Each structure stands twice: as C-alpha cells, then as structure tokens.
Amino acid sequence: MSLFTILLSALLVNNFVLVRFLGICPFMGVSKQVDSAIGMGLATTFVMVVAAAATWLIQWFILEPFGLPFLQNMSFILVIASMVQLVEMFLHKTSPSLYRAMGIFLPLITTNCAILGLAIMGVQNSYTFIETVVFGLGGGLGFTLALILLAGIREELQFADIPKPLRGAGIAFILAGLLSLAFGGFAGLV
Amino acid sequence: MRLWKDFVRGLWGENPTFRLLIGLCPTLAVTTSAINGMSMGLATAFVLLCSSALISLLKNVIPAKVRIPAYIIVIATFVTIVDLVMNAYMPDLHQVLGLFIPLIVVNCIVLGRAEAFASKNSVIASAFDGLGMGLGFTWALTLLGAIREVFGAGSIFGYSFVAEGATTLGIMALPPGAFITLGILLAVMNMIAARQKKKTS
Amino acid sequence: MVVVLAVIAMVSAGILSVVYGTTSVIIEENAARALESSVYDVLPSATRVDIIRRSPDEHGVDDPKEMREQEQRTTLIYQGINEQDQVIGYAFVGEANGYGGVIRVLVGVDEASDQILNIKVLEHTETPGLGSRIEDESFRNRFVGKTIEDPIAINQDIDNISGATVSSRAVADAVRKGFVETSSLYRGGE
C-alpha cells in the first residue's frame, strides 16, 4: 500500500469525521465560523502527526518488546495528553501569535477521539513509522477539510429561516449527513 | 430523594446525547442496529458507574494538580477491563464495536462526570449519577440504533419483519443515515422539551 | 503528588495484568476455534482439521530470544482430513493491507491437484457496499482453481471489483503471498 493511497484514504475515502465518525464533538462544537474551524483543524492536524509518531515509538519499542499490550490504551492517552501540553508550552514560548490563534483549541484536542483512534488504528494496520506519520497527516487534513466545509455552510445558514427545533445542532447534523453522502462519492476513487 | 434526582438527571434533563450533545462519536458509529447501540451504551454505563464511584472514593487522596491524569488512569483501567472481558466472552460483539470500545476512554461523558460531579460528591451519589448518565446514554443509542435498523435492515433487535429480499433503505445503515437520523431526533427532542417547558410555566 | 499518581498507575497496571492474564488465554482460544471452524468452509470435504507448525529454519535453538523470533516466523498450516483418514487439502491465512486496514484471508487448497478450492475473508475494514464486496461469492470464486503456477494478480488472471481496485488487489496479494510462503513449507516438509 503506497503512502499516497494511505493519505488519500484517510483524507477523502475514509474521511475521519464523515465516514469513520471520529472527532464528532469538536466537529459540531467548533464549526460555527470558518476562521475558528481553520485554527482548530490545523492545531488538530499538528497534534495528530506528533501523536502518531510518539505512539508508534511507544508501541513498537516499549509495549510490544515487553509484552504489555494491555497498557496500550492508558499509555497512548497519557502520551497524547502530554503531547498537547508540550505543544501548548512550545507555542507559548516560541510563537505568541500562533499561540493566540490556536491556544484556546489545544486543551480540547486531548479528548478528540480522532487522535487516540488514529493511534490505535495505526497499530492495528501494522503501519511502518513513515506510514503512520502520513496516516496522521491524512487524518488531520481530512478532519480540517470536513470542519471547514461544515463551517462554511453553517455561516451561510445564519440568516436562513430554519424551523425552530432544528436550529443549532439539529440542522448541523443533517448538513453533516449530506456532506457524508457527498463523500460517499469518493468511495470508488483509486 | 436526592439520590433519585441524581439518577434521573442523566435520563432526561441532562441526557448526554440529546441535551448535552457529548459522546457523539460512538453514538453515530455503532448504532447500525438496536442491539449494537444498546451494547455500546451498557459498556459505557459500566465504565461510568465504576469510574465515578472510584474517583469519588479517591477524591481526598488525589492532589488537585494531578487530578486529570489520575482520572484518566482510573478510566483507562476500567475501559481496558471492559475491552478484554468483552473480547474474551463476547467476541462477536467485540468485533462489531471494535475501535469504539477503547475510545470510551476519551468519551467526554466519562471524564466530564468525574470532573463535574464525582470529584465533589459522595460515593453513593456519584454512583447513582454515573449510572443515570450511563443509562441515559444507553437509551439514546438504543433508540437511534432501532430507528436505523428498522429503516436500514427492516428488522428490530435482529427480528426481521419484511419479506426476504425486500428493498430497504440501505442508506440508513451507512454514515449519512446516522447523521441525518440524529439530526431529526434532536429536533424531535427539542420539540418535546419546549412543550414540557410551556406546560410547567 | 507524584507519589500518589505513581501508586494509582501501579495499582491499575497490576489489576490490568491480572485481567489480561486470565482473558488472553480465552481470547486466543476463541480466535483459534473461530479459525478452525472457518477451515471447514474452505475445505468442504474435511471432517477433521490438524494444525501443523512449520518454520523456515527448523534447527534446534535454545536461546529464548531466538526461540521467540522463530515462533513469530512459524506458519500455521491447517490440514484437512476426511473420514477415511486421508489428507484432502490444506488451508492457510494470508494477509495484506487494503483500503481501511488489514485484510486476512483464509485459503483452502486441494491436496491432489494443488488448486485453490475456496477462499474466505476472515477480517476486513473496507468501505461498506464497495470494498466489502470482496466477501461476495462472485468475487471469491475468481480465485477457485488457481495454482501456485498462476500469477494470482489483479489485471492478469483475476478481475477486480469495479470501484474497489485497492481492496481486490489486497485480497489477491494476501492469497498469493500466503500461497507462495505456505506451499514451499508444506511441500518441503514432506
């Protein structure tokens, strides 16, 4: 399986949000404006790539050689939480402007199940290190794409006359369903 | 009486799925049938009950600064136990729920209840709260799964009621069906809640 | 502060290792039983299944590390035996990466003619409705009658499922790789 296929699969065909249902909470929560959608998407992509690399190292250099597969879940989530913390501290020190743009999204990323899901799937598929990183990149960009698309539509809908009970999350889910239907068209790709 | 309130809150007033809109990933992903939704809900309810009770028990021992990592360890332990036990005794179900069992650990409901309720209340109250939230989550998932199963596969809890080979709305079993069904269900729940509010005021 | 966290982590790791110890035996037994019952699907005339272990270099090793490595290289071959105690064929598992993850295929081969009798997809995470069609009989039948001399490759002697090229190719790869590996071990060992 080529790196390009992995990237394309994670980005479009098996889009993390719209097909695999990972990261739905931030997808619904941070998709009201395009600007914040872009910030959240890029911050998540960054953490995903870093976390994919870190969890790969843990799996194949610690858990597997020492026969500790049952600690996978716990070690992965703790590593992801620490990664998020590190990224936050690093951004705070090096790039205050970037920190201001992304800072508020970072704590939310720990509980984004797309990241833990990505780490576990990478192990299940026994990807190599490079493949895992590319998988992380594709997953992150796929998340960003879905988020921006939904945010774009929701911005347009602000002034639409939507029946009252559907307003807010209701209509957002139906929109996501239509997007998911559209992404179904990518299934025949490759 | 207070305990009853703690229990009921999760079932309707603060239902995690319909009112708080959290824990949505498994809600959409595994509800291809009623039984899958119910199993996922019960697995989550078990983790919620155990972790809420234990975290409440340990609330005076855990220093405030490291409480989040400590909660995560407690939750991850119960999740891994559920994962292993299901794999051993219910391998078919484990296969269906797959990735979403280990992902209970990042379900915002579990950590959310630990932080918002269990860390401040007694063990008994936390257990009731955890169980209520868990069962609230379970009925929401079962309902969503049942609707998708009825339209998508023409059956309910595995009992088929359409003729063999009949055309069903296959889209309901696919990802778009999950999103659209939940969107419509949310609207219905909003309508019911609005009517309730009107009555009481 | 750190002490409390360390104690909690150690206690939970201890509990998990106990649970893992008891459940892992059952999990492995379940998997083995499930696989064995699938063997009857691909070797229809078998009434009994024997498991043979073959590793590429069967010399006496006593170093534990080497033994573990050898164990990992060991291939399990399932030998189908009929009522008259005659060996009627053998089955093996082949693996390859598809679109959504690992695809595992069980392949049954006739003892006398060395032709593939049937294949069964044990595990896959392909797109429902598209890649998942690798499970269909019409696709699986395309492998029936192939021998080790055949290329067993998409666009050569196996037609792919339209819209699911990657999944089809992965199945062909899994069958071919497993066949080549197992065939030499099986025939060589006699």
# chains A, B, ... in the order shown; residues from 1 in each chain; ligands from 1
>>> interface_residues(of="chain C", to="chain B", cutoff="9 Å", atoms="only C-alpha atoms", output="ChimeraX atom specification")
/C:1-2,4-5,8-9,12-13,15-16,19-20,23-31,128-129
>>> write_last_selection(atoms="N, CA and C atoms", output="mmCIF file, in the first residue's frame")
data_model
loop_
_atom_site.group_PDB
_atom_site.id
_atom_site.type_symbol
_atom_site.label_atom_id
_atom_site.label_comp_id
_atom_site.auth_asym_id
_atom_site.auth_seq_id
_atom_site.Cartn_x
_atom_site.Cartn_y
_atom_site.Cartn_z
ATOM 1 N N MET C 1 2.669 14.249 45.605
ATOM 2 C CA MET C 1 1.800 14.446 44.439
ATOM 3 C C MET C 1 2.100 13.405 43.370
ATOM 4 N N VAL C 2 3.419 13.357 43.013
ATOM 5 C CA VAL C 2 3.828 12.379 42.003
ATOM 6 C C VAL C 2 3.668 10.961 42.558
ATOM 7 N N VAL C 4 1.405 9.790 44.634
ATOM 8 C CA VAL C 4 0.017 9.333 44.537
ATOM 9 C C VAL C 4 -0.276 8.846 43.129
ATOM 10 N N LEU C 5 0.172 9.646 42.148
ATOM 11 C CA LEU C 5 -0.069 9.295 40.747
ATOM 12 C C LEU C 5 0.616 7.975 40.416
ATOM 13 N N ILE C 8 -1.278 5.060 41.958
ATOM 14 C CA ILE C 8 -2.502 4.758 41.187
ATOM 15 C C ILE C 8 -2.145 4.025 39.898
ATOM 16 N N ALA C 9 -1.107 4.519 39.219
ATOM 17 C CA ALA C 9 -0.712 3.906 37.947
ATOM 18 C C ALA C 9 -0.269 2.466 38.173
ATOM 19 N N SER C 12 -3.237 0.155 38.997
ATOM 20 C CA SER C 12 -4.069 -0.145 37.832
ATOM 21 C C SER C 12 -3.329 -1.069 36.868
ATOM 22 N N ALA C 13 -2.012 -0.857 36.714
ATOM 23 C CA ALA C 13 -1.245 -1.750 35.845
ATOM 24 C C ALA C 13 -1.276 -3.171 36.397
ATOM 25 N N ILE C 15 -3.697 -4.548 38.298
ATOM 26 C CA ILE C 15 -5.024 -5.120 38.060
ATOM 27 C C ILE C 15 -5.149 -5.563 36.602
ATOM 28 N N LEU C 16 -4.693 -4.684 35.702
ATOM 29 C CA LEU C 16 -4.825 -4.992 34.278
ATOM 30 C C LEU C 16 -4.027 -6.222 33.892
ATOM 31 N N VAL C 19 -6.086 -9.214 34.857
ATOM 32 C CA VAL C 19 -7.223 -9.405 33.953
ATOM 33 C C VAL C 19 -6.737 -9.901 32.594
ATOM 34 N N TYR C 20 -5.636 -9.296 32.125
ATOM 35 C CA TYR C 20 -5.096 -9.688 30.827
ATOM 36 C C TYR C 20 -4.655 -11.151 30.852
ATOM 37 N N THR C 23 -7.847 -13.307 30.689
ATOM 38 C CA THR C 23 -8.662 -13.220 29.475
ATOM 39 C C THR C 23 -7.878 -13.590 28.213
ATOM 40 N N SER C 24 -6.575 -13.317 28.195
ATOM 41 C CA SER C 24 -5.844 -13.520 26.940
ATOM 42 C C SER C 24 -5.881 -14.984 26.511
ATOM 43 N N VAL C 25 -5.894 -15.893 27.501
ATOM 44 C CA VAL C 25 -5.973 -17.320 27.167
ATOM 45 C C VAL C 25 -7.276 -17.608 26.425
ATOM 46 N N ILE C 26 -8.384 -17.072 26.996
ATOM 47 C CA ILE C 26 -9.698 -17.313 26.387
ATOM 48 C C ILE C 26 -9.782 -16.661 25.017
ATOM 49 N N ILE C 27 -9.227 -15.439 24.910
ATOM 50 C CA ILE C 27 -9.285 -14.725 23.634
ATOM 51 C C ILE C 27 -8.570 -15.527 22.554
ATOM 52 N N GLU C 28 -7.396 -16.062 22.904
ATOM 53 C CA GLU C 28 -6.652 -16.844 21.915
ATOM 54 C C GLU C 28 -7.410 -18.119 21.548
ATOM 55 N N GLU C 29 -7.986 -18.772 22.566
ATOM 56 C CA GLU C 29 -8.751 -19.991 22.299
ATOM 57 C C GLU C 29 -9.910 -19.702 21.353
ATOM 58 N N ASN C 30 -10.639 -18.607 21.650
ATOM 59 C CA ASN C 30 -11.769 -18.207 20.800
ATOM 60 C C ASN C 30 -11.329 -18.019 19.369
ATOM 61 N N ALA C 31 -10.214 -17.268 19.207
ATOM 62 C CA ALA C 31 -9.739 -16.968 17.860
ATOM 63 C C ALA C 31 -9.364 -18.257 17.148
ATOM 64 N N PRO C 128 -18.130 -0.187 3.500
ATOM 65 C CA PRO C 128 -19.335 -0.988 3.301
ATOM 66 C C PRO C 128 -19.945 -0.684 1.931
ATOM 67 N N GLY C 129 -20.373 -1.718 1.246
ATOM 68 C CA GLY C 129 -21.026 -1.517 -0.038
ATOM 69 C C GLY C 129 -20.075 -1.491 -1.217
#
>>> residues_around(residues="Glu95 in chain C", least_positions_apart="3", cutoff="8 Å", atoms="only C-alpha atoms", output="number ranges by chain")
C: 102-105, 171, 173-175, 177-178
>>> closest_atom_pairs(of="chain C", to="chain A", cutoff="7 Å", atoms="only C-alpha atoms", output="Markdown table")
| residue | atom | partner | partner_atom | distance |
| --- | --- | --- | --- | --- |
| C:Leu16 | CA | A:Phe70 | CA | 6.8 |
| C:Tyr20 | CA | A:Phe70 | CA | 6.6 |
| C:Asn97 | CA | A:Met1 | CA | 6.4 |
| C:Tyr99 | CA | A:Ser9 | CA | 6.7 |
| C:Gly101 | CA | A:Asn125 | CA | 5.2 |
| C:Val102 | CA | A:Asn125 | CA | 5.4 |
| C:Gly163 | CA | A:Gly188 | CA | 4.2 |
| C:Ala164 | CA | A:Gly188 | CA | 6.2 |
| C:Thr165 | CA | A:Val190 | CA | 6.7 |
| C:Val166 | CA | A:Val190 | CA | 6.9 |
>>> closest_residue(among="A:Gly67, A:Pro96, A:Gly136, A:Gly23", to="Thr55 in chain A", atoms="only C-alpha atoms")
A:Gly136
>>> closest_atom_pairs(of="chain B", to="chain A", cutoff="9 Å", atoms="only C-alpha atoms", output="tab-separated table")
residue	atom	partner	partner_atom	distance
B:Leu21	CA	A:Cys25	CA	7.9
B:Ile22	CA	A:Cys25	CA	6.5
B:Gly23	CA	A:Cys25	CA	7.1
B:Leu24	CA	A:Ile24	CA	6.0
B:Cys25	CA	A:Phe21	CA	5.4
B:Pro26	CA	A:Phe21	CA	7.6
B:Thr27	CA	A:Phe21	CA	9.0
B:Leu28	CA	A:Phe21	CA	6.6
B:Ala29	CA	A:Phe21	CA	5.7
B:Pro69	CA	A:Leu78	CA	7.1
B:Ile72	CA	A:Leu78	CA	7.6
B:Ile73	CA	A:Met74	CA	6.3
B:Ile75	CA	A:Met74	CA	8.7
B:Ala76	CA	A:Met74	CA	5.3
B:Thr77	CA	A:Met74	CA	7.2
B:Val79	CA	A:Asn73	CA	8.3
B:Thr80	CA	A:Phe70	CA	6.9
B:Ile81	CA	A:Phe70	CA	9.0
B:Leu84	CA	A:Phe70	CA	8.3
B:Leu99	CA	A:Gly117	CA	7.0
B:Phe100	CA	A:Gly117	CA	8.2
B:Pro102	CA	A:Asn73	CA	6.5
B:Leu103	CA	A:Cys113	CA	6.4
B:Ile104	CA	A:Cys113	CA	8.8
B:Val105	CA	A:Asn73	CA	8.0
B:Val106	CA	A:Thr111	CA	5.0
B:Asn107	CA	A:Thr111	CA	7.2
B:Cys108	CA	A:Thr111	CA	6.7
B:Ile171	CA	A:Leu181	CA	8.9
B:Leu174	CA	A:Val19	CA	8.6
B:Pro175	CA	A:Val19	CA	5.8
B:Pro176	CA	A:Gly177	CA	4.2
B:Gly177	CA	A:Gly177	CA	6.7
B:Ala178	CA	A:Gly177	CA	7.3
B:Phe179	CA	A:Gly177	CA	4.6
B:Ile180	CA	A:Ile174	CA	4.5
B:Thr181	CA	A:Ile174	CA	7.8
B:Leu182	CA	A:Phe173	CA	6.8
B:Gly183	CA	A:Gly170	CA	4.2
B:Ile184	CA	A:Gly170	CA	6.3
B:Leu185	CA	A:Gly170	CA	7.9
B:Leu186	CA	A:Gly170	CA	5.5
B:Ala187	CA	A:Pro165	CA	4.7
B:Val188	CA	A:Pro165	CA	7.1
B:Met189	CA	A:Pro165	CA	8.2
B:Asn190	CA	A:Pro165	CA	5.4
B:Met191	CA	A:Pro165	CA	5.8
B:Ala194	CA	A:Pro165	CA	8.6
>>> write_last_selection(atoms="C-alpha atoms", output="short mmCIF file (atom, residue, chain, number, x, y, z; two decimals), in the first residue's frame")
data_model
loop_
_atom_site.label_atom_id
_atom_site.label_comp_id
_atom_site.auth_asym_id
_atom_site.auth_seq_id
_atom_site.Cartn_x
_atom_site.Cartn_y
_atom_site.Cartn_z
CA LEU B 21 -24.55 16.72 22.91
CA ILE B 22 -21.49 14.86 24.16
CA GLY B 23 -20.11 11.42 23.46
CA LEU B 24 -21.29 11.69 19.88
CA CYS B 25 -18.70 9.52 18.12
CA PRO B 26 -19.93 6.13 19.35
CA THR B 27 -23.50 7.44 19.14
CA LEU B 28 -23.16 7.73 15.39
CA ALA B 29 -20.67 4.98 14.67
CA PRO B 69 -4.07 12.35 34.70
CA ILE B 72 -7.61 9.26 33.03
CA ILE B 73 -5.68 6.35 34.53
CA ILE B 75 -10.98 5.46 33.48
CA ALA B 76 -8.47 3.79 31.16
CA THR B 77 -8.18 0.88 33.59
CA VAL B 79 -12.08 0.66 29.77
CA THR B 80 -9.29 -1.87 29.26
CA ILE B 81 -11.04 -4.33 31.58
CA LEU B 84 -10.56 -7.55 27.47
CA LEU B 99 -12.34 0.63 17.90
CA PHE B 100 -15.09 2.36 19.87
CA PRO B 102 -11.03 1.57 23.67
CA LEU B 103 -12.30 5.01 22.65
CA ILE B 104 -14.66 5.09 25.67
CA VAL B 105 -11.63 6.49 27.45
CA VAL B 106 -11.94 9.79 25.53
CA ASN B 107 -15.73 9.87 25.75
CA CYS B 108 -16.34 13.32 27.21
CA ILE B 171 -28.53 4.48 3.31
CA LEU B 174 -24.46 3.93 6.18
CA PRO B 175 -22.77 7.03 7.66
CA PRO B 176 -25.14 9.63 6.09
CA GLY B 177 -28.11 7.86 7.68
CA ALA B 178 -26.52 8.18 11.10
CA PHE B 179 -26.05 11.93 10.82
CA ILE B 180 -29.47 12.64 9.38
CA THR B 181 -31.36 10.42 11.85
CA LEU B 182 -29.62 12.03 14.81
CA GLY B 183 -30.34 15.50 13.42
CA ILE B 184 -34.05 14.73 13.14
CA LEU B 185 -34.14 13.03 16.56
CA LEU B 186 -32.54 16.12 18.12
CA ALA B 187 -35.25 18.28 16.61
CA VAL B 188 -37.94 15.97 18.00
CA MET B 189 -36.34 16.04 21.46
CA ASN B 190 -36.15 19.84 21.30
CA MET B 191 -39.87 19.96 20.48
CA ALA B 194 -40.13 23.00 24.58
#
